[in-house]
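Enquirer: This is the content of query_16.cif (mmCIF, C-alpha atoms and all ligand atoms):
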```cif
data_coords
#
loop_
_atom_site.label_atom_id
_atom_site.label_comp_id
_atom_site.auth_asym_id
_atom_site.auth_seq_id
_atom_site.Cartn_x
_atom_site.Cartn_y
_atom_site.Cartn_z
CA MET A 20 -53.31 88.88 21.63
CA THR A 21 -51.48 85.94 20.01
CA THR A 22 -53.62 83.40 18.22
CA VAL A 23 -52.09 79.93 18.26
CA ASP A 24 -52.25 78.13 14.97
CA ALA A 25 -51.57 74.39 15.44
CA SER A 26 -53.81 71.65 16.83
CA PRO A 27 -55.39 73.53 19.77
CA PRO A 28 -59.08 74.40 19.50
CA ALA A 29 -59.81 76.97 16.76
CA GLY A 30 -59.72 80.50 18.09
CA LEU A 31 -57.65 79.70 21.17
CA ALA A 32 -55.59 82.72 22.15
CA VAL A 33 -52.73 82.91 24.65
CA ARG A 34 -52.37 86.33 26.26
CA PRO A 35 -51.14 87.94 29.49
CA CYS A 36 -53.42 87.50 32.50
CA VAL A 37 -55.17 90.66 33.75
CA ALA A 38 -56.80 91.26 37.12
CA ALA A 39 -60.29 90.64 35.71
CA ASP A 40 -59.24 87.06 34.86
CA LEU A 41 -58.33 86.20 38.44
CA PRO A 42 -61.65 84.76 39.71
CA ARG A 43 -61.59 82.24 36.88
CA VAL A 44 -57.84 81.63 37.18
CA VAL A 45 -58.17 80.82 40.88
CA GLU A 46 -60.96 78.42 39.98
CA LEU A 47 -58.58 76.66 37.56
CA LEU A 48 -55.85 76.47 40.22
CA ALA A 49 -58.35 74.92 42.65
CA PHE A 50 -59.53 72.38 40.05
CA GLY A 51 -55.96 71.28 39.42
CA ALA A 52 -54.88 71.05 43.06
CA LEU A 53 -53.92 67.56 44.20
CA PRO A 54 -56.20 66.14 46.90
CA GLY A 55 -54.35 65.76 50.18
CA ALA A 56 -51.34 67.83 49.09
CA SER A 57 -49.87 69.37 52.21
CA GLY A 58 -47.47 72.21 52.82
CA ARG A 59 -49.23 74.87 50.77
CA PRO A 60 -52.10 77.25 51.40
CA GLU A 61 -55.36 76.24 49.71
CA GLU A 62 -56.66 78.15 46.71
CA SER A 63 -59.68 80.31 47.48
CA ALA A 64 -61.37 82.87 45.27
CA SER A 65 -63.31 84.28 48.24
CA THR A 66 -60.54 86.85 48.77
CA LEU A 67 -58.93 87.94 45.53
CA ALA A 68 -56.63 90.59 47.03
CA PRO A 69 -53.67 88.19 47.59
CA TYR A 70 -53.92 86.97 43.99
CA GLU A 71 -54.13 90.54 42.68
CA ARG A 72 -50.99 91.37 44.67
CA ALA A 73 -49.28 88.25 43.38
CA LEU A 74 -50.14 89.10 39.77
CA ARG A 75 -48.77 92.63 40.21
CA GLU A 76 -45.55 91.32 41.78
CA ALA A 77 -45.13 88.49 39.30
CA THR A 78 -45.32 90.92 36.41
CA ALA A 79 -43.53 93.90 38.01
CA ASP A 80 -40.38 92.69 36.34
CA ALA A 81 -41.34 92.83 32.65
CA ARG A 82 -39.69 89.43 32.11
CA GLY A 83 -42.09 87.57 34.38
CA ALA A 84 -45.44 86.57 32.94
CA VAL A 85 -48.72 84.96 33.82
CA LEU A 86 -50.31 83.67 30.64
CA VAL A 87 -53.90 82.61 30.12
CA ALA A 88 -55.46 80.63 27.29
CA GLU A 89 -58.78 82.10 26.21
CA LEU A 90 -61.39 80.46 24.05
CA ARG A 91 -64.44 82.41 22.87
CA GLY A 92 -64.19 84.81 25.79
CA THR A 93 -63.61 82.18 28.48
CA VAL A 94 -60.30 81.55 30.20
CA VAL A 95 -59.62 77.80 29.97
CA GLY A 96 -55.97 77.58 31.09
CA VAL A 97 -53.19 79.37 32.92
CA CYS A 98 -49.43 79.16 33.44
CA GLN A 99 -46.75 81.32 35.04
CA LEU A 100 -43.27 82.02 33.71
CA ILE A 101 -40.65 83.15 36.22
CA VAL A 102 -37.37 84.49 34.85
CA PHE A 103 -34.34 84.88 37.08
CA ARG A 104 -30.66 85.62 36.76
CA HIS A 105 -28.42 82.70 37.59
CA LEU A 106 -24.99 83.11 39.06
CA GLN A 107 -24.03 79.97 37.19
CA ALA A 108 -23.99 79.54 33.44
CA GLY A 109 -21.98 82.71 33.02
CA GLY A 110 -24.66 84.75 34.76
CA GLY A 111 -27.28 83.53 32.29
CA LEU A 112 -31.03 84.04 32.47
CA CYS A 113 -33.01 80.98 33.48
CA ALA A 114 -36.79 80.47 33.30
CA GLU A 115 -39.13 78.40 35.41
CA ILE A 116 -42.66 77.35 34.50
CA GLU A 117 -45.21 77.05 37.32
CA SER A 118 -48.94 76.70 37.84
CA VAL A 119 -49.90 75.03 34.57
CA HIS A 120 -53.60 74.30 34.81
CA VAL A 121 -56.31 73.65 32.24
CA HIS A 122 -60.02 73.47 33.03
CA PRO A 123 -61.08 69.79 33.31
CA ASP A 124 -63.56 70.18 30.41
CA TRP A 125 -60.75 71.31 28.12
CA ARG A 126 -57.94 68.92 28.97
CA GLY A 127 -56.45 66.71 26.28
CA ARG A 128 -57.27 69.20 23.47
CA GLY A 129 -53.99 71.03 23.12
CA VAL A 130 -54.67 73.97 25.45
CA GLY A 131 -51.86 73.11 27.90
CA SER A 132 -49.42 72.56 25.05
CA ALA A 133 -50.27 75.97 23.58
CA LEU A 134 -49.67 77.65 26.94
CA VAL A 135 -46.36 75.93 27.65
CA ARG A 136 -45.12 76.51 24.09
CA ALA A 137 -45.95 80.22 24.45
CA ALA A 138 -44.03 80.33 27.75
CA ILE A 139 -41.03 78.58 26.16
CA GLU A 140 -41.09 81.02 23.23
CA ARG A 141 -41.15 83.95 25.62
CA ALA A 142 -38.18 82.53 27.54
CA ARG A 143 -36.32 82.00 24.28
CA ASP A 144 -37.06 85.56 23.14
CA LEU A 145 -35.75 86.88 26.46
CA GLY A 146 -32.49 85.01 25.89
CA CYS A 147 -32.92 82.39 28.62
CA TYR A 148 -30.48 79.51 28.35
CA ARG A 149 -32.92 76.99 29.93
CA VAL A 150 -36.53 76.48 30.92
CA GLN A 151 -37.14 74.25 33.92
CA LEU A 152 -40.03 73.04 36.04
CA THR A 153 -40.94 70.60 38.76
CA SER A 154 -44.02 68.41 38.86
CA ASN A 155 -45.44 66.36 41.71
CA LEU A 156 -44.47 62.67 41.45
CA ARG A 157 -48.19 61.84 41.54
CA ARG A 158 -48.87 63.70 38.29
CA SER A 159 -47.76 61.00 35.87
CA GLU A 160 -50.04 62.30 33.06
CA ALA A 161 -48.49 65.73 33.38
CA HIS A 162 -45.02 64.15 33.15
CA ARG A 163 -45.94 62.59 29.81
CA PHE A 164 -47.27 65.98 28.71
CA TYR A 165 -43.99 67.76 29.58
CA GLU A 166 -41.85 65.08 27.95
CA ARG A 167 -43.86 65.42 24.76
CA LEU A 168 -43.06 69.13 24.84
CA GLY A 169 -39.34 68.35 24.98
CA PHE A 170 -38.63 68.44 28.71
CA THR A 171 -36.35 65.73 30.11
CA PRO A 172 -36.87 64.36 33.64
CA SER A 173 -33.18 64.79 34.39
CA HIS A 174 -33.33 66.05 37.99
CA VAL A 175 -35.03 65.18 41.25
CA GLY A 176 -37.06 67.99 42.84
CA PHE A 177 -36.94 68.57 46.60
CA LYS A 178 -39.52 70.54 48.60
CA LEU A 179 -39.44 71.69 52.20
CA PRO A 180 -42.89 72.93 53.28
CA LEU A 181 -42.68 75.98 55.57
CA VAL A 182 -46.41 76.19 56.28
CA ARG A 183 -48.68 73.46 57.63
C1 LIG B 201 -51.38 68.63 32.61
C2 LIG B 201 -52.26 69.62 31.87
C3 LIG B 201 -51.80 71.04 32.17
C4 LIG B 201 -52.09 69.36 30.37
O1 LIG B 201 -52.91 70.27 29.67
P1 LIG B 201 -53.82 69.71 28.48
O2 LIG B 201 -54.48 70.85 27.84
O3 LIG B 201 -54.70 68.64 29.04
O4 LIG B 201 -52.69 69.08 27.59
P2 LIG B 201 -52.68 68.85 26.01
O5 LIG B 201 -54.07 68.61 25.52
O6 LIG B 201 -51.92 69.93 25.37
O7 LIG B 201 -51.82 67.53 25.95
C5 LIG B 201 -52.45 66.30 26.34
C6 LIG B 201 -51.54 65.55 27.25
O8 LIG B 201 -51.59 66.11 28.53
C7 LIG B 201 -51.55 65.06 29.49
N1 LIG B 201 -52.69 65.12 30.38
C8 LIG B 201 -52.51 65.28 31.69
N2 LIG B 201 -53.67 65.26 32.32
C9 LIG B 201 -54.63 65.10 31.39
C10 LIG B 201 -56.08 65.00 31.43
N3 LIG B 201 -56.75 65.07 32.57
N4 LIG B 201 -56.75 64.83 30.28
C11 LIG B 201 -56.06 64.74 29.12
N5 LIG B 201 -54.71 64.84 29.02
C12 LIG B 201 -54.00 65.01 30.14
C13 LIG B 201 -51.45 63.78 28.77
O9 LIG B 201 -50.08 63.46 28.69
C14 LIG B 201 -51.98 64.09 27.43
O10 LIG B 201 -51.37 63.30 26.49
P3 LIG B 201 -52.06 61.91 26.05
O11 LIG B 201 -53.12 62.29 25.09
O12 LIG B 201 -50.93 61.15 25.48
O13 LIG B 201 -52.62 61.27 27.28
C15 LIG B 201 -53.76 69.49 32.21
O14 LIG B 201 -54.18 68.21 31.89
C16 LIG B 201 -54.08 69.81 33.67
O15 LIG B 201 -54.43 70.93 33.98
N6 LIG B 201 -53.97 68.81 34.56
C17 LIG B 201 -54.26 69.02 35.99
C18 LIG B 201 -53.25 69.95 36.64
C19 LIG B 201 -51.82 69.51 36.43
O16 LIG B 201 -51.46 68.35 36.56
N7 LIG B 201 -50.97 70.51 36.09
C20 LIG B 201 -49.55 70.28 35.91
C21 LIG B 201 -48.86 70.61 37.20
S1 LIG B 201 -47.12 70.20 37.11
#
```
Is it possible to give me this structure as structure tokens?

Expert:
Amino acid sequence: MTTVDASPPAGLAVRPCVAADLPRVVELLAFGALPGASGRPEESASTLAPYERALREATADARGAVLVAELRGTVVGVCQLIVFRHLQAGGGLCAEIESVHVHPDWRGRGVGSALVRAAIERARDLGCYRVQLTSNLRRSEAHRFYERLGFTPSHVGFKLPLVR
């Protein structure tokens, strides 16, 4: 378990997600979902099997990671790091951050920053040449959050929903 030292709440730890965390993690994903967002299945903790399968798959390649932030035994945030081999950039490794969510009671206290910094560090340690992410245009607060962490809004993201 890695204890983060800077401004986040004292005792906050960022560690890999395990299956036992999933009920709470799904709750966090549901809290953070945008109202009226279409083109994606809704989060539901009533059946955990798909999330357990997803966690196994996401971490089957040792480079991929789902990280949780834990405070005094309670999971308060989550994020996923996906690492893939690009054809471009000399066949370099690239990383993508997804599903960054902090419980509403704990937002604005450095938990999200600790999670994303841990994901960036992991990508750096793995030798990735870049970390990238997309964020819904409606999430202007999240955009400020990512910019503060060093991300530049240099690209436009495109999505094509395949489910209704
Ligand atoms: C965006 C989010 C992950 C940031 O995590 P956090 O723990 O609140 O972030 P930190 O405390 O490390 O940093 C605070 C910054 O986050 C941003 N932020 C976004 N939503 C926020 C909220 N509801 N409350 C407080 N800060 C928020 C702000 O830019 C804030 O900076 P500010 O003080 O200048 O306003 C978190 O607020 C969240 O889960 N939001 C809902 C889901 C979401 O938008 N996820 C990102 C998907 S791309």

Enquirer: Closest to ligand LIG 201 (chain B) among A:Ala84, A:Val94, A:Leu106, A:Leu156, using only C-alpha atoms and all ligand atoms?

Expert: A:Leu156

Enquirer: Find the residues with any atom within 10 Å of (-55.3, 72.3, 28.7); use all atoms listed in the file and the coordinates as given in the file, and write the answer as a short mmCIF file (atom, residue, chain, number, x, y, z; two decimals) with C-alpha atoms, keeping the file's coordinate frame.

Expert:
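out_17.cif, freshly written:
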```
data_model
loop_
_atom_site.label_atom_id
_atom_site.label_comp_id
_atom_site.auth_asym_id
_atom_site.auth_seq_id
_atom_site.Cartn_x
_atom_site.Cartn_y
_atom_site.Cartn_z
CA PRO A 27 -55.39 73.53 19.77
CA ALA A 88 -55.46 80.63 27.29
CA VAL A 95 -59.62 77.80 29.97
CA GLY A 96 -55.97 77.58 31.09
CA VAL A 97 -53.19 79.37 32.92
CA VAL A 119 -49.90 75.03 34.57
CA HIS A 120 -53.60 74.30 34.81
CA VAL A 121 -56.31 73.65 32.24
CA HIS A 122 -60.02 73.47 33.03
CA PRO A 123 -61.08 69.79 33.31
CA ASP A 124 -63.56 70.18 30.41
CA TRP A 125 -60.75 71.31 28.12
CA ARG A 126 -57.94 68.92 28.97
CA GLY A 127 -56.45 66.71 26.28
CA ARG A 128 -57.27 69.20 23.47
CA GLY A 129 -53.99 71.03 23.12
CA VAL A 130 -54.67 73.97 25.45
CA GLY A 131 -51.86 73.11 27.90
CA SER A 132 -49.42 72.56 25.05
CA ALA A 133 -50.27 75.97 23.58
CA LEU A 134 -49.67 77.65 26.94
CA VAL A 135 -46.36 75.93 27.65
#
```

Enquirer: Interatomic distance between atom CA of A:Ala114 and atom CA of A:Arg158?

Expert: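 Going from atom CA of A:Ala114 over to atom CA of A:Arg158, I get 21.3 Å.
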
Enquirer: With distances taken over all atoms listed in the file, which of A:Gly83, A:Gly92, A:Pro42, A:Pro54 is nearest to A:Arg141?

Expert: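 For A:Arg141, the nearest of the given residues is A:Gly83.
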
Enquirer: Record the distance separating atom O7 of ligand LIG 201 (chain B) and atom CA of A:Pro172, expressed in Å with one decimal.

Expert: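 Answer for the atom O7 of ligand LIG 201 (chain B) to atom CA of A:Pro172 separation: 17.1 Å.
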
Enquirer: Which distance in Å separates atom CA of A:Asp144 and atom CA of A:Val175, to one decimal?

Expert: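 Taking atom CA of A:Asp144 as the start and atom CA of A:Val175 as the end point, the length is 27.3 Å.
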
Enquirer: When you count only C-alpha atoms and all ligand atoms, which of these residues is closest to ligand LIG 201 (chain B): A:Arg149, A:Arg163, A:Arg91, A:Arg143?

Expert: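 Smallest distance to ligand LIG 201 (chain B) is found for A:Arg163.
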
Enquirer: Using all atoms listed in the file, pick whichever of A:Val182, A:Leu100, A:Val44, A:Ala77 has the shortest atom-to-atom distance to A:Glu62.

Expert: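 Closest to A:Glu62, using all atoms listed in the file: A:Val44.
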
Enquirer: Enumerate, as a ChimeraX atom specification, the protein, DNA and RNA residues whose atoms approach (-41.5, 80.8, 39.1) to within 6 Å, taking into account all atoms listed in the file and the coordinate frame of the file.

Expert: /A:100-101,115-117

Enquirer: Using only C-alpha atoms and all ligand atoms, which of A:Glu140, A:Asp80, A:Glu46, A:Asp40 sits nearest ligand LIG 201 (chain B)?

Expert: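 Ranked by minimum distance to ligand LIG 201 (chain B), first place goes to A:Glu46.
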